[in-house]
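*Asks:* Please find structure_2.csv (CSV, C-alpha atoms) on the next line:
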chain,number,residue,atom,x,y,z
V,230,MET,CA,0.0,0.0,0.0
V,231,SER,CA,1.3,3.5,-0.9
V,232,ASP,CA,2.1,6.0,1.9
V,233,VAL,CA,-0.7,8.3,0.6
V,234,ALA,CA,-3.2,5.5,1.0
V,235,LEU,CA,-1.7,4.7,4.5
V,236,VAL,CA,-2.2,8.4,5.5
V,237,GLN,CA,-5.9,8.1,4.4
V,238,GLN,CA,-6.2,4.9,6.5
V,239,LEU,CA,-4.7,6.6,9.5
V,240,VAL,CA,-7.3,9.5,9.3
V,241,THR,CA,-10.1,7.0,9.3
V,242,ARG,CA,-8.7,5.0,12.2
V,243,TYR,CA,-7.9,8.1,14.1
V,244,GLU,CA,-11.5,9.3,13.9
V,245,ALA,CA,-12.8,5.9,15.1
V,246,LEU,CA,-10.2,6.1,18.0
V,247,ARG,CA,-11.5,9.6,19.0
V,248,GLN,CA,-15.1,8.3,19.0
V,249,GLU,CA,-14.1,5.3,21.2
V,250,ILE,CA,-12.4,7.6,23.7
V,251,LYS,CA,-15.5,9.9,23.8
V,252,LYS,CA,-17.5,7.0,25.2
V,253,VAL,CA,-15.8,7.7,28.5
V,254,ILE,CA,-14.1,11.1,28.3
V,255,VAL,CA,-16.5,14.1,28.0
V,256,GLY,CA,-15.1,17.2,26.3
V,257,GLN,CA,-11.3,17.8,26.6
V,258,ASP,CA,-11.1,17.4,22.8
V,259,GLY,CA,-7.9,19.5,22.6
V,260,VAL,CA,-6.2,17.4,25.4
V,261,VAL,CA,-7.2,14.1,23.7
V,262,GLU,CA,-5.8,15.4,20.4
V,263,GLN,CA,-2.5,16.4,21.9
V,264,VAL,CA,-2.1,13.1,23.7
V,265,LEU,CA,-2.8,11.2,20.5
V,266,LEU,CA,-0.4,13.5,18.6
V,267,SER,CA,2.4,12.5,21.0
V,268,VAL,CA,1.4,8.8,20.7
V,269,PHE,CA,1.6,8.7,16.9
V,270,SER,CA,4.7,10.9,16.9
V,271,GLY,CA,6.4,8.5,19.4
V,272,GLY,CA,6.7,11.1,22.2
V,273,HIS,CA,5.8,11.4,25.9
V,274,ALA,CA,3.3,13.8,27.4
V,275,LEU,CA,2.9,15.6,30.7
V,276,LEU,CA,-0.6,16.3,31.8
V,277,ILE,CA,-0.9,19.3,34.1
V,278,GLY,CA,-4.2,19.9,36.0
V,279,VAL,CA,-5.9,20.1,39.3
V,280,PRO,CA,-7.3,16.9,40.9
V,281,GLY,CA,-10.6,15.5,39.5
V,282,LEU,CA,-10.1,16.5,35.9
V,283,ALA,CA,-9.9,12.8,34.7
V,284,LYS,CA,-6.2,12.8,33.9
V,285,THR,CA,-5.7,9.2,35.1
V,286,LEU,CA,-9.0,8.1,33.5
V,287,LEU,CA,-7.9,9.7,30.2
V,288,VAL,CA,-4.6,7.8,30.1
V,289,ASN,CA,-6.3,4.5,31.1
V,290,THR,CA,-9.0,5.0,28.4
V,291,VAL,CA,-6.4,5.9,25.7
V,292,SER,CA,-4.3,2.8,26.5
V,293,GLN,CA,-7.5,0.6,26.3
V,294,ALA,CA,-8.6,2.1,23.0
V,295,LEU,CA,-5.0,1.6,21.6
V,296,GLY,CA,-5.0,-2.0,22.7
V,297,LEU,CA,-1.7,-1.5,24.6
V,298,GLY,CA,-0.3,-2.8,27.9
V,299,PHE,CA,-0.8,-0.3,30.7
V,300,LYS,CA,0.9,0.1,34.1
V,301,ARG,CA,0.3,2.8,36.7
V,302,ILE,CA,3.0,4.0,39.0
V,303,GLN,CA,1.8,6.2,41.9
V,304,PHE,CA,4.8,8.5,42.7
V,305,THR,CA,5.3,9.1,46.4
V,306,PRO,CA,8.1,10.7,48.4
V,307,ASP,CA,9.4,7.3,49.6
V,308,LEU,CA,9.4,5.6,46.1
V,309,MET,CA,12.8,4.1,45.2
V,310,PRO,CA,14.2,3.7,41.6
V,311,SER,CA,14.1,-0.1,42.1
V,312,ASP,CA,10.3,0.2,42.7
V,313,ILE,CA,10.0,1.5,39.1
V,314,LEU,CA,12.8,-0.4,37.2
V,315,GLY,CA,12.7,-3.7,39.1
V,316,SER,CA,15.5,-5.4,41.1
V,317,GLU,CA,17.7,-8.5,41.2
V,318,ILE,CA,16.9,-11.2,43.8
V,319,LEU,CA,18.6,-14.4,44.7
V,320,ASP,CA,16.5,-17.4,43.6
V,321,GLU,CA,16.4,-20.9,45.2
V,322,SER,CA,19.6,-22.0,43.3
V,323,ARG,CA,21.4,-18.9,44.7
V,324,ASN,CA,21.6,-17.2,41.2
V,325,PHE,CA,20.6,-13.6,40.7
V,326,LYS,CA,17.3,-13.3,38.9
V,327,PHE,CA,15.9,-10.0,37.6
V,328,ILE,CA,12.3,-9.2,38.5
V,329,LYS,CA,10.9,-6.6,36.1
V,330,GLY,CA,9.3,-3.4,37.5
V,331,PRO,CA,6.2,-1.7,36.3
V,332,ILE,CA,8.3,0.3,33.7
V,333,PHE,CA,8.1,-2.7,31.5
V,334,SER,CA,4.8,-2.0,29.7
V,335,ASN,CA,3.7,-0.1,26.6
V,336,ILE,CA,2.1,2.9,28.4
V,337,ILE,CA,3.3,4.0,31.8
V,338,LEU,CA,1.1,6.4,33.8
V,339,ALA,CA,3.5,8.2,36.1
V,340,ASP,CA,0.9,9.6,38.5
V,341,GLU,CA,1.8,12.8,40.3
V,342,ILE,CA,5.4,12.6,39.0
V,343,ASN,CA,6.5,15.7,41.0
V,344,ARG,CA,5.8,13.9,44.4
V,345,THR,CA,9.0,11.9,44.3
V,346,PRO,CA,12.6,13.1,44.8
V,347,PRO,CA,14.9,13.7,41.8
V,348,LYS,CA,16.8,10.4,42.4
V,349,THR,CA,13.6,8.4,41.6
V,350,GLN,CA,12.4,10.8,38.9
V,351,ALA,CA,15.8,10.2,37.1
V,352,ALA,CA,15.0,6.5,37.0
V,353,LEU,CA,12.7,7.4,34.1
V,354,LEU,CA,15.2,9.3,32.0
V,355,GLU,CA,17.0,6.5,30.2
V,356,ALA,CA,13.7,4.7,29.6
V,357,MET,CA,12.1,7.8,28.1
V,358,GLN,CA,15.1,8.6,25.8
V,359,GLU,CA,16.7,5.3,24.9
V,360,ARG,CA,13.7,3.0,25.4
V,361,SER,CA,15.9,0.7,27.5
V,362,VAL,CA,16.9,0.5,31.2
V,363,THR,CA,20.3,-0.5,32.7
V,364,ILE,CA,20.2,-2.4,36.0
V,365,ALA,CA,23.2,-3.9,37.7
V,366,GLY,CA,25.2,-3.4,34.5
V,367,HIS,CA,22.7,-5.3,32.3
V,368,ASN,CA,20.8,-3.4,29.6
V,369,TYR,CA,17.1,-4.4,29.1
V,370,LYS,CA,15.2,-3.2,26.0
V,371,LEU,CA,11.6,-2.1,26.6
V,372,ASP,CA,8.7,-3.3,24.4
V,373,LEU,CA,7.7,-0.9,21.6
V,374,PRO,CA,5.6,1.3,21.3
V,375,TYR,CA,6.6,2.9,24.6
V,376,PHE,CA,5.1,6.1,26.1
V,377,VAL,CA,5.3,7.8,29.5
V,378,LEU,CA,2.2,9.8,30.2
V,379,ALA,CA,2.8,11.7,33.4
V,380,THR,CA,0.4,13.8,35.5
V,381,GLN,CA,1.3,16.7,37.7
V,382,ASN,CA,-0.9,18.8,40.1
V,383,PRO,CA,0.0,22.5,39.7
V,384,ILE,CA,-1.5,23.8,42.9
V,385,GLU,CA,-0.2,21.5,45.5
V,386,GLN,CA,3.4,22.6,46.5
V,387,GLU,CA,3.5,20.8,49.8
V,388,GLY,CA,5.8,17.8,49.6
V,389,THR,CA,6.5,18.2,45.9
V,390,TYR,CA,9.8,18.2,43.9
V,391,PRO,CA,9.8,20.3,40.7
V,392,LEU,CA,10.8,18.3,37.7
V,393,PRO,CA,14.4,19.0,36.6
V,394,GLU,CA,14.7,20.8,33.2
V,395,ALA,CA,16.5,17.7,31.7
V,396,GLN,CA,13.4,15.6,32.6
V,397,LEU,CA,10.9,18.2,31.4
V,398,ASP,CA,12.7,18.3,28.0
V,399,ARG,CA,12.1,14.6,27.5
V,400,PHE,CA,8.4,15.3,27.3
V,401,MET,CA,7.2,16.1,23.8
V,402,PHE,CA,4.0,17.9,25.0
V,403,ALA,CA,3.1,19.6,28.2
V,404,ILE,CA,-0.7,19.7,28.2
V,405,ASN,CA,-2.8,21.9,30.5
V,406,LEU,CA,-6.2,20.6,31.5
V,407,ASP,CA,-8.9,23.1,32.3
V,408,TYR,CA,-12.2,22.7,34.2
V,409,PRO,CA,-15.1,21.5,32.0
V,410,THR,CA,-17.8,23.8,30.8
V,411,PHE,CA,-21.2,23.8,32.6
V,412,GLU,CA,-22.8,21.5,29.9
V,413,GLU,CA,-19.8,19.1,30.0
V,414,GLU,CA,-19.9,18.9,33.7
V,415,VAL,CA,-23.6,18.1,33.7
V,416,GLU,CA,-22.9,15.3,31.2
V,417,VAL,CA,-20.0,14.0,33.3
V,418,VAL,CA,-22.3,13.8,36.4
V,419,LYS,CA,-25.0,12.0,34.4
V,420,LYS,CA,-22.6,9.5,33.0
V,421,THR,CA,-20.7,8.7,36.2
V,422,THR,CA,-23.6,8.5,38.6
V,423,ALA,CA,-26.0,6.1,36.7
V,424,GLY,CA,-25.6,2.7,35.1
V,425,ALA,CA,-22.5,0.7,34.3
V,426,PRO,CA,-19.4,2.4,32.9
V,427,GLN,CA,-18.9,2.2,29.1
V,428,LYS,CA,-16.7,-0.5,27.8
V,429,VAL,CA,-13.8,0.7,25.6
V,430,ASN,CA,-12.8,-1.6,22.7
V,431,PRO,CA,-9.2,-1.9,21.5
V,432,LEU,CA,-8.9,-0.6,18.0
V,433,PHE,CA,-5.2,-1.0,17.3
V,434,THR,CA,-2.4,-3.6,17.8
V,435,ALA,CA,1.1,-2.6,19.0
V,436,GLN,CA,2.5,-3.4,15.5
V,437,GLU,CA,0.0,-1.1,13.8
V,438,ILE,CA,0.9,1.8,16.0
V,439,ILE,CA,4.7,1.2,15.2
V,440,ASP,CA,3.8,1.1,11.5
V,441,PHE,CA,2.0,4.4,11.7
V,442,GLN,CA,4.9,6.0,13.6
V,443,GLU,CA,7.2,4.8,10.9
V,444,LEU,CA,4.9,6.3,8.3
V,445,ILE,CA,5.0,9.7,10.0
V,446,ARG,CA,8.8,9.6,10.0
V,447,ARG,CA,8.7,9.0,6.2
V,448,ILE,CA,6.5,12.1,5.5
V,449,PRO,CA,8.5,14.7,3.6
V,450,VAL,CA,8.8,18.2,5.0
V,451,ALA,CA,9.7,21.3,2.9
V,452,ASP,CA,12.9,23.2,3.9
V,453,ASN,CA,11.0,26.4,4.6
V,454,VAL,CA,8.9,24.6,7.2
V,455,ILE,CA,11.9,23.2,9.0
V,456,GLU,CA,13.6,26.6,8.8
V,457,TYR,CA,10.5,28.2,10.3
V,458,ALA,CA,10.5,25.7,13.2
V,459,VAL,CA,14.2,26.2,13.9
V,460,THR,CA,13.9,30.0,13.7
V,461,LEU,CA,10.9,29.9,16.1
V,462,VAL,CA,12.9,27.9,18.6
V,463,GLY,CA,15.9,30.2,18.2
V,464,LYS,CA,13.7,33.2,19.0
V,465,THR,CA,13.0,31.7,22.4
V,466,ARG,CA,16.7,32.0,23.4
V,467,PRO,CA,17.3,35.4,25.0
V,468,LYS,CA,21.0,35.4,24.1
V,469,SER,CA,20.5,34.5,20.4
V,470,GLN,CA,20.7,37.3,17.7
V,471,GLY,CA,17.1,36.8,16.5
V,472,ALA,CA,15.5,37.0,20.0
V,473,PRO,CA,12.8,39.8,20.1
V,474,GLU,CA,12.9,42.3,23.0
V,475,LEU,CA,10.0,40.5,24.7
V,476,VAL,CA,12.1,37.4,25.1
V,477,LYS,CA,15.2,39.2,26.2
V,478,LYS,CA,13.2,41.0,28.8
V,479,TYR,CA,11.1,38.2,30.2
V,480,ILE,CA,12.8,34.8,29.5
V,481,ASP,CA,15.8,33.4,31.4
V,482,TRP,CA,16.3,30.2,29.3
V,483,GLY,CA,14.9,29.2,25.9
V,484,ALA,CA,14.2,25.9,24.2
V,485,GLY,CA,16.9,23.5,23.0
V,486,PRO,CA,17.3,21.6,19.7
V,487,ARG,CA,15.0,18.8,20.9
V,488,ALA,CA,12.1,21.4,20.7
V,489,SER,CA,12.9,21.9,17.0
V,490,GLN,CA,12.8,18.1,16.4
V,491,ASN,CA,9.6,17.7,18.3
V,492,LEU,CA,7.9,20.7,16.4
V,493,ILE,CA,8.6,19.0,13.1
V,494,LEU,CA,7.6,15.5,14.2
V,495,ALA,CA,4.3,16.8,15.8
V,496,ALA,CA,3.6,19.0,12.7
V,497,LYS,CA,4.0,15.9,10.5
V,498,THR,CA,1.6,14.0,12.7
V,499,HIS,CA,-0.9,16.9,12.8
V,500,ALA,CA,-0.8,17.1,9.0
V,501,ALA,CA,-1.2,13.4,8.5
V,502,LEU,CA,-4.2,13.2,10.9
V,503,GLN,CA,-5.9,15.9,8.8
V,504,GLY,CA,-5.3,13.8,5.7
V,505,ASN,CA,-2.4,16.0,4.3
V,506,PHE,CA,0.8,14.4,3.1
V,507,SER,CA,3.2,17.2,4.1
V,508,PRO,CA,3.0,19.7,6.9
V,509,ASP,CA,3.1,23.4,6.4
V,510,ILE,CA,3.8,26.4,8.7
V,511,ALA,CA,0.3,26.3,10.1
V,512,ASP,CA,0.8,22.8,11.4
V,513,VAL,CA,3.9,23.9,13.2
V,514,GLN,CA,2.0,26.8,14.8
V,515,LYS,CA,-0.9,24.5,15.8
V,516,VAL,CA,1.5,22.4,18.0
V,517,ALA,CA,3.9,25.1,19.1
V,518,ILE,CA,2.4,26.0,22.5
V,519,GLY,CA,2.2,22.4,23.8
V,520,ILE,CA,5.7,21.7,22.7
V,521,LEU,CA,7.4,25.0,23.9
V,522,ARG,CA,5.3,25.6,27.1
V,523,HIS,CA,7.5,23.6,29.4
V,524,ARG,CA,10.9,24.4,27.8
V,525,LEU,CA,10.9,28.2,28.4
V,526,ILE,CA,11.9,29.6,31.9
V,527,LYS,CA,10.5,33.0,32.5
V,528,ASN,CA,12.1,35.4,35.0
V,529,TYR,CA,10.7,37.3,38.0
V,530,LYS,CA,9.8,40.3,35.7
V,531,ALA,CA,7.3,38.2,33.8
V,532,GLU,CA,5.9,36.8,37.1
V,533,ALA,CA,5.5,40.3,38.5
V,534,GLU,CA,3.7,41.6,35.4
V,535,GLY,CA,1.5,38.5,35.2
V,536,LEU,CA,2.8,37.5,31.8
V,537,SER,CA,2.3,33.8,31.0
V,538,ILE,CA,4.6,31.6,28.9
V,539,GLU,CA,1.6,31.0,26.6
V,540,ASP,CA,1.4,34.8,26.0
V,541,ILE,CA,5.0,35.0,25.1
V,542,ILE,CA,4.8,32.0,22.7
V,543,THR,CA,1.7,33.4,21.1
V,544,SER,CA,3.5,36.7,20.4
V,545,LEU,CA,6.4,34.8,18.8
V,546,LEU,CA,3.9,33.1,16.5
I need this file expressed as structure tokens, please.

*Replies:*
Amino acid sequence: MSDVALVQQLVTRYEALRQEIKKVIVGQDGVVEQVLLSVFSGGHALLIGVPGLAKTLLVNTVSQALGLGFKRIQFTPDLMPSDILGSEILDESRNFKFIKGPIFSNIILADEINRTPPKTQAALLEAMQERSVTIAGHNYKLDLPYFVLATQNPIEQEGTYPLPEAQLDRFMFAINLDYPTFEEEVEVVKKTTAGAPQKVNPLFTAQEIIDFQELIRRIPVADNVIEYAVTLVGKTRPKSQGAPELVKKYIDWGAGPRASQNLILAAKTHAALQGNFSPDIADVQKVAIGILRHRLIKNYKAEAEGLSIEDIITSLL
């Protein structure tokens, strides 16, 4: 089958997938879209929202609809790296035997990832980047496709550890969840307080998701689109020549090269899911806020003047 026909097939399958997720998740269309963009791009996503906005339910529903293995890790202050990765134990014949931790699954829900100290947060770094883990000198490959979907509560600061920049940079998207509208909340209450919960059917196999990810990689991109993405990321760096006054005044650190890579990958996926065989600048702009939001560090002036990162990115676009 040609790549153009495969893109058309992906559009149809993607629509069916969204309808399946809608059985359980009310509203949050933009959030679902960004999570699925990161899945088909092969990236990880960080969901940021107050408690009770169905972050955990969303990840669980997505994993069921994708037909993938799913493990949930509840991050707590006393969680150790071995609780995530696994550990070696002595068996009956006095040989060391490796017991796999919950990280060995297709989709990992890292729940409240900022509740655990940096030592344990760092246990995820190799898995997120290399899709493998090293334990006691042995390297273990993780099953593909592999995604970390992490949740973070922005209002609770008691007993939390902010994610290091190196870890934040591993996430393709940072996705903000907002409260539902009045109509959506009425529907949520109706759905969740009567009858049995809806059953979600698996629509994909692991191999099909890998095939679609490889298809996205093969999609061609015009040079001017790549140059636009790289220029946009360059503008977020206050010390670069092309940085506008707004960035020099309000930003301490800008985005690194991984942001440029992610912008192009996500733009390709965004274009493919709309049925287009090559992304344009509008596709880059559509995904820019979710990809740049967690990679810029604003200074105290921006805080004092109530300027948000989203405001700054929007002005750059």

*Asks:* If you count only C-alpha atoms, which residues fall within 12 Å of Pro346 (chain V), apart from same-chain ones fewer than 6 positions away, as number ranges by chain?

*Replies:* V: 304-310, 352, 388-393

*Asks:* Residues near region 240-252 of chain V, anyone? I mean within 7 Å using only C-alpha atoms, not counting same-chain ones fewer than 3 positions away, as a PyMOL selection string.

*Replies:* chain V and resi 236-237+255+290-291+294+427+429+432+502-504

*Asks:* Find the distance between CA of Thr345 (chain V) and CA of Phe299 (chain V) and write it in Å to one decimal.

*Replies:*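 According to the coordinates, CA of Thr345 (chain V) and CA of Phe299 (chain V) are separated by 20.7 Å.
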
*Asks:* Quick one: residues within 7 Å of Ala274 (chain V), all atoms listed in the file counted, chain neighbours fewer than 6 positions away excluded, as a list of chain:residue names?

*Replies:*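 Skipping anything fewer than 6 positions along the chain leaves V:Val264, V:Ser267, V:Val377, V:Leu378, V:Ala379, V:Phe400, V:Met401, V:Phe402, V:Ala403.
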
*Asks:* For Phe441 (chain V), find every residue with an atom within 10 Å (counting all atoms listed in the file), except residues of its own chain fewer than 2 positions away, and show them as a PyMOL selection string.

*Replies:* chain V and resi 232+235-236+238-239+269-271+436-439+443-447+498

*Asks:* Ranking V:Ala234, V:Val288, V:Ile455, V:Ala283 by minimum distance to Ala488 (chain V) and counting only C-alpha atoms, which one comes first?

*Replies:*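 For Ala488 (chain V), the nearest of the candidates is V:Ile455.
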
*Asks:* Under the rule that only C-alpha atoms are counted, which of V:Gly298, V:Gly281, V:Gly259, V:Gly535 is the nearest residue to Pro431 (chain V)?

*Replies:*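 Closest to Pro431 (chain V), using only C-alpha atoms: V:Gly298.
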
*Asks:* What is the distance, in Å and to one decimal place, between CA of Thr465 (chain V) and CA of Ile541 (chain V)?

*Replies:*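 The value is 9.1 Å.
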
*Asks:* With the cut-off set at 9 Å and counting all atoms listed in the file, tabulate each residue of region 502-531 of chain V with an atom at most that distance from an atom of region 404-411 of chain V, showing the nearest atom pair and its distance in Å to one decimal, ordered by chain and increasing number, as a Markdown table.

*Replies:*
| residue | atom | partner | partner_atom | distance |
| --- | --- | --- | --- | --- |
| V:Gly519 | CA | V:Ile404 | CA | 5.9 |
| V:Ile520 | CA | V:Ile404 | CA | 8.7 |
| V:Arg522 | CA | V:Ile404 | CA | 8.5 |

*Asks:* So, counting all atoms listed in the file, which residue among V:Leu265, V:Val417, V:Leu287, V:Val233 is closest to Ala495 (chain V)?

*Replies:* V:Leu265

*Asks:* Taking all atoms listed in the file into account, name the residue in V:Gly315, V:Leu266, V:Lys527, V:Lys284 that is nearest to Leu492 (chain V).

*Replies:*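 Ranked by minimum distance to Leu492 (chain V), first place goes to V:Leu266.
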
*Asks:* Point out the residue among V:Val268, V:Leu371, V:Ile493, V:Leu276 with the least atom-to-atom distance to Lys515 (chain V), counting only C-alpha atoms.

*Replies:*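 Of all the options, V:Ile493 lies closest to Lys515 (chain V).
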
*Asks:* For CA of Val279 (chain V) and CA of Lys530 (chain V), quote the distance in Å rounded to one decimal.

*Replies:*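 Pair CA of Val279 (chain V) / CA of Lys530 (chain V) returns 25.8 Å.
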
*Asks:* Closest to Asp452 (chain V) among V:Lys464, V:Ile277, V:Ile510, V:Pro486, using only C-alpha atoms?

*Replies:*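 Checking each candidate against Asp452 (chain V), we get V:Ile510 as the closest.
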
*Asks:* Quick one: residues within 12 Å of Lys419 (chain V), all atoms listed in the file counted, chain neighbours fewer than 6 positions away excluded, as a VMD selection string?

*Replies:* chain V and resid 253 255 412 to 413 425 to 426

*Asks:* May I have the protein, DNA and RNA residues with an atom at most 12 Å from (13.9, 39.4, 29.0), counting all atoms listed in the file in the file's coordinates, returned as number ranges by chain?

*Replies:* V: 464-469, 472-483, 525-532, 536, 541
